[in-house]
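Engineer: Below is upload-v5.csv; it holds CSV, C-alpha atoms (C1' of nucleotides).
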```csv
chain,number,residue,atom,x,y,z
A,4,MET,CA,168.8,23.7,319.4
A,5,LYS,CA,166.5,21.5,317.4
A,6,GLU,CA,168.0,18.2,316.2
A,7,SER,CA,167.2,19.0,312.5
A,8,ALA,CA,169.1,22.3,312.8
A,9,ALA,CA,172.1,20.4,314.2
A,10,LEU,CA,171.9,17.9,311.4
A,11,ASP,CA,172.0,20.7,308.8
A,12,ALA,CA,174.8,22.4,310.7
A,13,PHE,CA,176.9,19.2,310.7
A,14,ALA,CA,176.2,18.7,307.0
A,15,ALA,CA,177.4,22.3,306.4
A,16,MET,CA,180.6,21.6,308.2
A,17,SER,CA,181.3,18.3,306.5
A,18,ASN,CA,182.6,19.9,303.3
A,19,GLU,CA,186.2,21.1,302.8
A,20,THR,CA,185.3,24.3,300.9
A,21,ARG,CA,182.6,25.2,303.5
A,22,LEU,CA,184.9,24.6,306.4
A,23,ARG,CA,187.5,26.9,304.8
A,24,ILE,CA,184.8,29.5,304.3
A,25,LEU,CA,183.7,29.2,307.9
A,26,LYS,CA,187.2,29.6,309.3
A,27,ARG,CA,187.7,32.7,307.1
A,28,LEU,CA,184.5,34.2,308.3
A,29,VAL,CA,185.2,33.4,311.9
A,30,ALA,CA,188.6,35.2,311.5
A,31,ALA,CA,186.8,38.1,309.9
A,32,GLY,CA,184.7,38.6,313.0
A,33,PRO,CA,181.1,40.0,313.2
A,34,THR,CA,181.7,42.4,310.4
A,35,GLY,CA,182.0,39.6,307.9
A,36,LEU,CA,183.2,39.6,304.3
A,37,PRO,CA,181.6,40.2,300.9
A,38,ALA,CA,181.1,37.1,298.8
A,39,GLY,CA,183.7,38.0,296.2
A,40,GLU,CA,186.4,38.3,298.9
A,41,ILE,CA,185.4,35.0,300.3
A,42,ALA,CA,185.6,33.4,296.9
A,43,ASP,CA,189.1,34.8,296.4
A,44,ALA,CA,190.2,33.7,299.9
A,45,VAL,CA,189.1,30.1,299.4
A,46,GLY,CA,190.0,29.9,295.7
A,47,ALA,CA,186.6,28.9,294.4
A,48,SER,CA,184.5,30.3,291.5
A,49,PRO,CA,181.8,32.8,292.3
A,50,SER,CA,179.0,30.4,291.6
A,51,ARG,CA,180.5,27.6,293.5
A,52,THR,CA,181.1,30.0,296.5
A,53,SER,CA,177.6,31.2,296.3
A,54,PHE,CA,176.3,27.7,296.3
A,55,HIS,CA,178.2,26.9,299.5
A,56,LEU,CA,177.4,30.2,301.1
A,57,SER,CA,173.7,29.5,300.5
A,58,THR,CA,174.0,26.1,302.0
A,59,MET,CA,175.7,27.5,305.1
A,60,ALA,CA,173.2,30.3,305.5
A,61,ALA,CA,170.3,27.8,305.2
A,62,ALA,CA,172.0,25.7,307.9
A,63,GLY,CA,172.0,28.8,310.1
A,64,ILE,CA,175.7,29.0,310.8
A,65,ILE,CA,176.3,32.2,308.7
A,66,ARG,CA,174.2,35.3,307.9
A,67,ALA,CA,173.9,37.4,304.7
A,68,GLN,CA,173.3,41.1,304.4
A,69,ARG,CA,173.2,43.1,301.2
A,70,GLN,CA,175.5,46.2,301.4
A,71,ALA,CA,175.2,48.3,298.2
A,72,ARG,CA,176.3,46.0,295.4
A,73,GLN,CA,178.0,43.4,297.6
A,74,ILE,CA,176.5,40.7,299.8
A,75,VAL,CA,178.3,40.5,303.1
A,76,TYR,CA,178.4,37.2,304.9
A,77,ALA,CA,179.3,36.8,308.6
A,78,ALA,CA,179.6,33.8,310.9
A,79,ASP,CA,176.7,33.4,313.3
A,80,PHE,CA,178.7,33.0,316.5
A,81,MET,CA,175.8,32.3,318.7
A,82,ALA,CA,174.6,29.5,316.4
A,83,LEU,CA,178.1,28.1,316.4
A,84,GLY,CA,178.1,28.2,320.2
A,85,ALA,CA,174.7,26.5,320.2
A,86,LEU,CA,176.2,23.8,318.0
A,87,VAL,CA,179.1,23.1,320.3
A,88,ARG,CA,176.7,23.0,323.1
A,89,PHE,CA,174.4,20.5,321.3
A,90,LEU,CA,177.4,18.3,320.6
A,91,LEU,CA,178.5,18.4,324.2
A,92,GLU,CA,175.1,18.1,325.8
A,93,GLU,CA,172.7,16.3,323.5
A,94,CYS,CA,175.2,14.1,321.6
A,95,CYS,CA,177.7,13.4,324.3
A,96,SER,CA,175.5,13.7,327.4
A,97,ASN,CA,178.2,15.8,329.0
A,98,ASP,CA,180.4,12.8,329.3
A,99,PRO,CA,183.4,13.6,331.5
A,100,THR,CA,185.9,12.2,329.1
A,101,VAL,CA,184.6,14.3,326.3
A,102,ARG,CA,184.5,17.4,328.5
A,103,ALA,CA,188.0,16.8,329.7
A,104,CYS,CA,189.3,17.0,326.2
A,105,CYS,CA,188.1,20.6,325.8
A,106,GLY,CA,189.4,21.8,329.1
A,107,LEU,CA,186.0,21.6,330.8
A,108,ALA,CA,185.2,20.4,334.3
A,109,ALA,CA,183.9,16.9,334.4
A,110,ASP,CA,180.6,18.1,335.9
A,111,PRO,CA,178.9,20.9,334.0
A,112,ALA,CA,177.5,22.4,337.2
A,113,SER,CA,180.8,22.3,338.9
A,114,GLU,CA,182.0,25.5,340.6
A,115,THR,CA,185.5,24.2,340.8
A,116,GLN,CA,188.4,25.3,338.5
A,117,THR,CA,188.4,24.1,334.9
A,118,PRO,CA,191.1,21.5,334.8
A,119,ALA,CA,193.9,21.2,332.3
A,120,ARG,CA,193.1,18.5,329.8
A,121,SER,CA,193.7,15.2,331.5
A,122,GLY,CA,195.8,12.6,329.8
A,123,GLY,CA,194.5,10.3,327.1
A,124,CYS,CA,192.8,12.9,324.9
A,125,ASP,CA,193.4,12.7,321.2
A,126,ASP,CA,195.5,15.7,320.2
A,127,ALA,CA,193.4,18.3,318.4
B,17,MET,CA,192.9,16.4,315.0
B,18,LYS,CA,193.4,16.4,311.3
B,19,GLU,CA,191.0,18.4,309.2
B,20,SER,CA,190.1,15.4,307.1
B,21,ALA,CA,189.2,13.5,310.2
B,22,ALA,CA,187.0,16.3,311.3
B,23,LEU,CA,185.3,16.4,307.9
B,24,ASP,CA,184.5,12.7,308.1
B,25,ALA,CA,183.3,13.1,311.7
B,26,PHE,CA,181.0,16.0,310.8
B,27,ALA,CA,179.6,13.9,307.8
B,28,ALA,CA,179.0,11.0,310.2
B,29,MET,CA,177.0,13.3,312.5
B,30,SER,CA,174.9,14.8,309.7
B,31,ASN,CA,172.6,11.8,309.3
B,32,GLU,CA,169.6,11.3,311.5
B,33,THR,CA,170.0,7.6,311.9
B,34,ARG,CA,173.7,7.9,312.7
B,35,LEU,CA,173.0,10.7,315.3
B,36,ARG,CA,170.5,8.4,317.0
B,37,ILE,CA,173.0,5.6,317.0
B,38,LEU,CA,175.6,7.9,318.5
B,39,LYS,CA,173.3,9.1,321.3
B,40,ARG,CA,172.4,5.5,322.1
B,41,LEU,CA,176.1,4.4,322.2
B,42,VAL,CA,177.0,7.4,324.3
B,43,ALA,CA,174.2,6.4,326.7
B,44,ALA,CA,175.5,2.9,326.7
B,45,GLY,CA,178.9,4.0,327.9
B,46,PRO,CA,182.3,2.5,327.2
B,47,THR,CA,181.0,-1.1,327.2
B,48,GLY,CA,179.0,-0.4,324.1
B,49,LEU,CA,176.2,-2.4,322.5
B,50,PRO,CA,176.0,-5.2,319.9
B,51,ALA,CA,174.9,-4.3,316.4
B,52,GLY,CA,171.5,-6.1,316.7
B,53,GLU,CA,170.6,-4.2,319.8
B,54,ILE,CA,171.5,-0.9,318.2
B,55,ALA,CA,169.4,-1.8,315.2
B,56,ASP,CA,166.4,-2.4,317.5
B,57,ALA,CA,167.0,0.7,319.4
B,58,VAL,CA,167.0,3.0,316.4
B,59,GLY,CA,164.4,1.0,314.4
B,60,ALA,CA,166.5,0.3,311.4
B,61,SER,CA,167.1,-2.9,309.5
B,62,PRO,CA,170.3,-4.9,310.2
B,63,SER,CA,171.9,-4.1,306.9
B,64,ARG,CA,171.1,-0.4,307.1
B,65,THR,CA,172.4,-0.3,310.6
B,66,SER,CA,175.5,-2.1,309.6
B,67,PHE,CA,176.1,0.5,306.8
B,68,HIS,CA,175.8,3.4,309.2
B,69,LEU,CA,177.9,1.7,311.9
B,70,SER,CA,180.7,1.2,309.3
B,71,THR,CA,180.5,4.8,308.2
B,72,MET,CA,180.8,5.9,311.8
B,73,ALA,CA,183.6,3.6,312.6
B,74,ALA,CA,185.5,4.7,309.5
B,75,ALA,CA,185.0,8.3,310.7
B,76,GLY,CA,186.6,7.3,314.0
B,77,ILE,CA,183.8,8.3,316.3
B,78,ILE,CA,182.9,4.7,317.3
B,79,ARG,CA,184.8,1.5,317.6
B,80,ALA,CA,183.9,-2.1,316.8
B,81,GLN,CA,185.0,-5.3,318.6
B,82,ARG,CA,183.9,-8.8,317.9
B,83,GLN,CA,182.6,-10.7,321.0
B,84,ALA,CA,181.6,-14.2,320.2
B,85,ARG,CA,178.9,-14.0,317.5
B,86,GLN,CA,178.1,-10.4,318.1
B,87,ILE,CA,180.0,-7.3,317.1
B,88,VAL,CA,179.9,-4.8,319.9
B,89,TYR,CA,180.2,-1.1,319.1
B,90,ALA,CA,181.1,1.6,321.5
B,91,ALA,CA,181.4,5.4,321.2
B,92,ASP,CA,185.0,6.7,321.1
B,93,PHE,CA,184.7,9.3,323.8
B,94,MET,CA,188.2,10.7,323.2
B,95,ALA,CA,187.5,11.1,319.5
B,96,LEU,CA,184.3,12.9,320.3
B,97,GLY,CA,186.2,15.2,322.7
B,98,ALA,CA,188.8,15.9,320.1
B,99,LEU,CA,185.9,16.8,317.7
B,100,VAL,CA,184.4,19.3,320.1
B,101,ARG,CA,187.8,20.8,320.7
B,102,PHE,CA,188.4,21.0,316.9
B,103,LEU,CA,185.1,22.9,316.5
B,104,LEU,CA,185.9,25.2,319.4
B,105,GLU,CA,189.6,25.9,318.5
B,106,GLU,CA,190.2,25.3,314.8
B,107,CYS,CA,186.8,26.3,313.5
B,108,CYS,CA,185.8,29.0,315.9
B,109,SER,CA,189.2,30.3,317.0
B,110,ASN,CA,188.1,30.1,320.6
B,111,ASP,CA,185.7,33.0,319.9
B,112,PRO,CA,184.4,34.3,323.3
B,113,THR,CA,180.8,34.4,322.2
B,114,VAL,CA,181.0,30.8,321.1
B,115,ARG,CA,182.7,29.8,324.3
B,116,ALA,CA,180.2,31.6,326.5
B,117,CYS,CA,177.4,29.5,325.0
B,118,CYS,CA,178.9,26.3,326.3
B,119,GLY,CA,179.7,27.7,329.8
B,120,LEU,CA,183.3,28.2,329.0
B,121,ALA,CA,185.4,31.2,330.1
B,122,ALA,CA,186.0,33.7,327.3
B,123,ASP,CA,189.8,33.0,327.4
B,124,PRO,CA,190.8,29.4,327.2
B,125,ALA,CA,193.9,30.1,329.4
B,126,SER,CA,191.8,31.8,332.0
B,127,GLU,CA,192.3,30.7,335.6
B,128,THR,CA,189.1,32.4,336.6
B,129,GLN,CA,185.7,30.8,337.3
B,130,THR,CA,183.8,29.4,334.3
B,131,PRO,CA,180.9,31.9,333.9
B,132,ALA,CA,177.3,31.1,333.6
B,133,ARG,CA,176.2,31.4,329.9
B,134,SER,CA,175.9,35.0,329.3
B,135,GLY,CA,172.8,36.4,327.6
B,136,GLY,CA,172.2,36.2,323.9
B,137,CYS,CA,173.0,32.5,323.4
B,138,ASP,CA,170.7,30.5,321.3
B,139,ASP,CA,169.0,27.9,323.4
B,140,ALA,CA,170.5,24.4,322.9
C,9,DC,C1',169.3,54.7,280.3
C,10,DT,C1',173.2,52.1,279.3
C,11,DT,C1',177.3,50.1,281.2
C,12,DT,C1',179.8,48.0,284.8
C,13,DC,C1',180.3,45.4,288.9
C,14,DA,C1',178.9,41.8,292.3
C,15,DT,C1',176.4,38.0,293.0
C,16,DT,C1',173.0,34.6,292.2
C,17,DT,C1',170.3,31.4,289.6
C,18,DC,C1',169.8,27.9,286.2
C,19,DA,C1',170.6,23.6,283.6
C,20,DA,C1',173.4,19.9,282.7
C,21,DT,C1',176.3,16.5,284.4
C,22,DA,C1',179.1,13.8,287.5
C,23,DG,C1',179.6,11.7,291.6
C,24,DA,C1',178.5,10.4,296.4
C,25,DT,C1',175.2,8.6,299.7
C,26,DC,C1',171.2,6.0,301.3
C,27,DT,C1',167.9,2.2,301.2
C,28,DT,C1',166.4,-2.4,300.2
C,29,DG,C1',166.5,-7.2,300.1
C,30,DA,C1',169.1,-11.2,298.9
C,31,DA,C1',173.3,-13.7,299.5
C,32,DA,C1',177.6,-14.5,302.0
C,33,DT,C1',180.5,-14.9,306.2
C,34,DA,C1',181.5,-15.9,311.0
C,35,DT,C1',180.4,-18.0,315.3
C,36,DC,C1',178.2,-21.0,318.3
C,37,DT,C1',175.3,-25.2,319.5
C,38,DT,C1',173.8,-29.7,319.0
D,12,DA,C1',178.8,-31.7,310.1
D,13,DA,C1',174.3,-29.4,310.1
D,14,DG,C1',171.5,-25.8,311.9
D,15,DA,C1',170.8,-21.5,314.1
D,16,DT,C1',172.2,-16.8,315.1
D,17,DA,C1',174.5,-12.3,314.4
D,18,DT,C1',176.2,-9.4,311.2
D,19,DT,C1',178.2,-8.0,306.9
D,20,DT,C1',178.5,-7.6,301.9
D,21,DC,C1',176.7,-7.0,297.5
D,22,DA,C1',174.0,-5.2,293.6
D,23,DA,C1',170.4,-2.2,292.1
D,24,DG,C1',168.0,1.8,292.2
D,25,DA,C1',166.6,6.3,294.2
D,26,DT,C1',168.0,10.5,296.0
D,27,DC,C1',171.0,14.0,297.3
D,28,DT,C1',175.2,16.9,296.6
D,29,DA,C1',178.8,19.3,294.1
D,30,DT,C1',180.8,21.4,290.0
D,31,DT,C1',180.7,24.0,285.7
D,32,DG,C1',179.7,27.7,282.7
D,33,DA,C1',176.2,30.6,280.8
D,34,DA,C1',172.4,33.6,281.7
D,35,DA,C1',169.8,36.5,284.9
D,36,DT,C1',169.3,39.8,288.7
D,37,DG,C1',170.3,43.9,291.6
D,38,DA,C1',172.8,48.1,292.5
D,39,DA,C1',175.7,51.8,291.4
D,40,DA,C1',178.0,55.1,288.1
D,41,DG,C1',178.6,57.5,284.0
```
Would you mind writing the file's structure down as C-alpha cells?
Structural biologist:
Amino acid sequence: MKESAALDAFAAMSNETRLRILKRLVAAGPTGLPAGEIADAVGASPSRTSFHLSTMAAAGIIRAQRQARQIVYAADFMALGALVRFLLEECCSNDPTVRACCGLAADPASETQTPARSGGCDDA
Amino acid sequence: MKESAALDAFAAMSNETRLRILKRLVAAGPTGLPAGEIADAVGASPSRTSFHLSTMAAAGIIRAQRQARQIVYAADFMALGALVRFLLEECCSNDPTVRACCGLAADPASETQTPARSGGCDDA
DNA sequence: CTTTCATTTCAATAGATCTTGAAATATCTT
DNA sequence: AAGATATTTCAAGATCTATTGAAATGAAAG
C-alpha cells in the first residue's frame, strides 16, 4: 500500500460520520447498501452523506456501483485489510507490543500459536 | 478504546509529517527521541515539529517527557496496538477478509495456525 | 415525454488545520 | 546573573474540510 493511499484512508476514518458509515457498510457485507439507506442509518442529509461517501470512495476504502436508480456502496474489505497491515508493518514495524494487543504472535513469521493478548494492553 | 480517541488517532495519522514522525519514533523504540532530533530527522522547523508533536501527544499515540533541557518523545506502543485492534474489531467487525490480509486467522478465537495471507489481498 | 425517485453537484459559508517567523519559556553553563 | 540551548507559544495568513439548501443529473414508470 502506498503511503499516500494510507494517508487518505486515515483521513477518511478520522471523521465521526464517515466512521459510522464505514461500520454500517462493514455490517452490510459485500453486497453493500444504497446511498439513501446509508443516509437514514447514520442520520445525515443526502447531500452530506454523498459528500462523505465520495470522500471515502476517493480514499479507496469503499466502492460505488450504480444499480438502477440507486447507487450502492460497499466496504472494500481488501483495502481495509491492506490498511490494517500498513499500520502494523509500515507504521509500527511489527513491534511486538503492538502485535500482542491484537492477539498476534510477537514475530510475524512465527509458526507458533497466536497468544492471548498479554497484559498491559489498553482496552479496545 | 473510545471512538473519540480513535478518531483523534486517525486524524493524527492522516498527515504526512506526523506519519514520518511516528515511523521515526517507532524505530527509536521506547526510549524515544528529543524534539530537536525529530525535527532534523523529518526535515521540519522546530515550531512546525512542535505543533505536530503536540497534536500526536493530544491524540495519545506518543508521550512526552522533559529530560533536562530537552523534551523527549516516544511512541506509545500500547496505544498503537489498541488502535490496530479498534480498526480490526470495531471498524471491521473482525471480517475474515480483512484479517486474512494481515496474516490473522479468520476467526479471532481460533486456536488453529495463523494462515499465510490468502490470495486477493492488496499488497501492503 | 412528463413525472417521480435517488443521488449528486454546486455555491456560499463557517470552521478547522497547517505553516511561518517572531517572541516567550525553561533549563543548563559559566 | 548573563548567555546559550532546546522547545514551545503566539499571531497572522493560507489552505483544507464540513455543512447547508437549492439546483442539476440519471434512471425508471406512467
Engineer: Please identify every residue of chain B that has at least one atom no more than 10 Å from any atom of chain C, counting only C-alpha atoms (C1' of nucleotides), and report them as a list of chain:residue names.
Structural biologist: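 So the contacting residues turn out to be B:Asn31, B:Ser61, B:Ser63, B:Arg64, B:Phe67, B:His68, B:Gln83, B:Ala84, B:Arg85, B:Gln86.
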Engineer: For atom CA of Cys95 of chain A and atom CA of Arg101 of chain B, quote the distance in Å rounded to one decimal.
Structural biologist: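 Interatomic distance here is 13.0 Å.
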Engineer: Based on all atoms listed in the file, which of the residues in chain A come within 9 Å of chain B? I want them as a ChimeraX atom specification.
Structural biologist: /A:4-7,9-19,22-23,25-26,29-30,32,80-96,98-107,111,113-117,123-127
Engineer: Could you produce a table of the residues of chain D lying within 9 Å of chain A, with the nearest pair of atoms per residue and their separation in Å rounded to one decimal, using only C-alpha atoms (C1' of nucleotides), ordered by chain and increasing residue number, as a Markdown table?
Structural biologist:
```
| residue | atom | partner | partner_atom | distance |
| --- | --- | --- | --- | --- |
| D:DA29 | C1' | A:Arg51 | CA | 8.5 |
| D:DT30 | C1' | A:Arg51 | CA | 7.1 |
| D:DT31 | C1' | A:Arg51 | CA | 8.6 |
| D:DG37 | C1' | A:Arg72 | CA | 7.4 |
| D:DA38 | C1' | A:Arg72 | CA | 5.0 |
| D:DA39 | C1' | A:Arg72 | CA | 7.1 |
```
Engineer: Padding 8 Å on each side, edges along x, y and z: where is the centre of the box around the listed atoms of segment 58-69 of chain A, and how long are its edges in Å to one decimal? Output it as JSON.
Structural biologist:
```
{"center_x": 173.3, "center_y": 34.4, "center_z": 306.0, "size_x": 22.0, "size_y": 33.4, "size_z": 25.6}
```
Engineer: May I ask for the distance between atom C1' of DA25 of chain D and atom CA of Thr33 of chain B, given in Å to one decimal place?
Structural biologist: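 Interatomic distance here is 18.1 Å.
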Engineer: Would you mind reading off the distance between atom C1' of DG32 of chain D and atom CA of Ser57 of chain A, one decimal, in Å?
Structural biologist: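 Straight-line distance from atom C1' of DG32 of chain D to atom CA of Ser57 of chain A works out to 18.9 Å.
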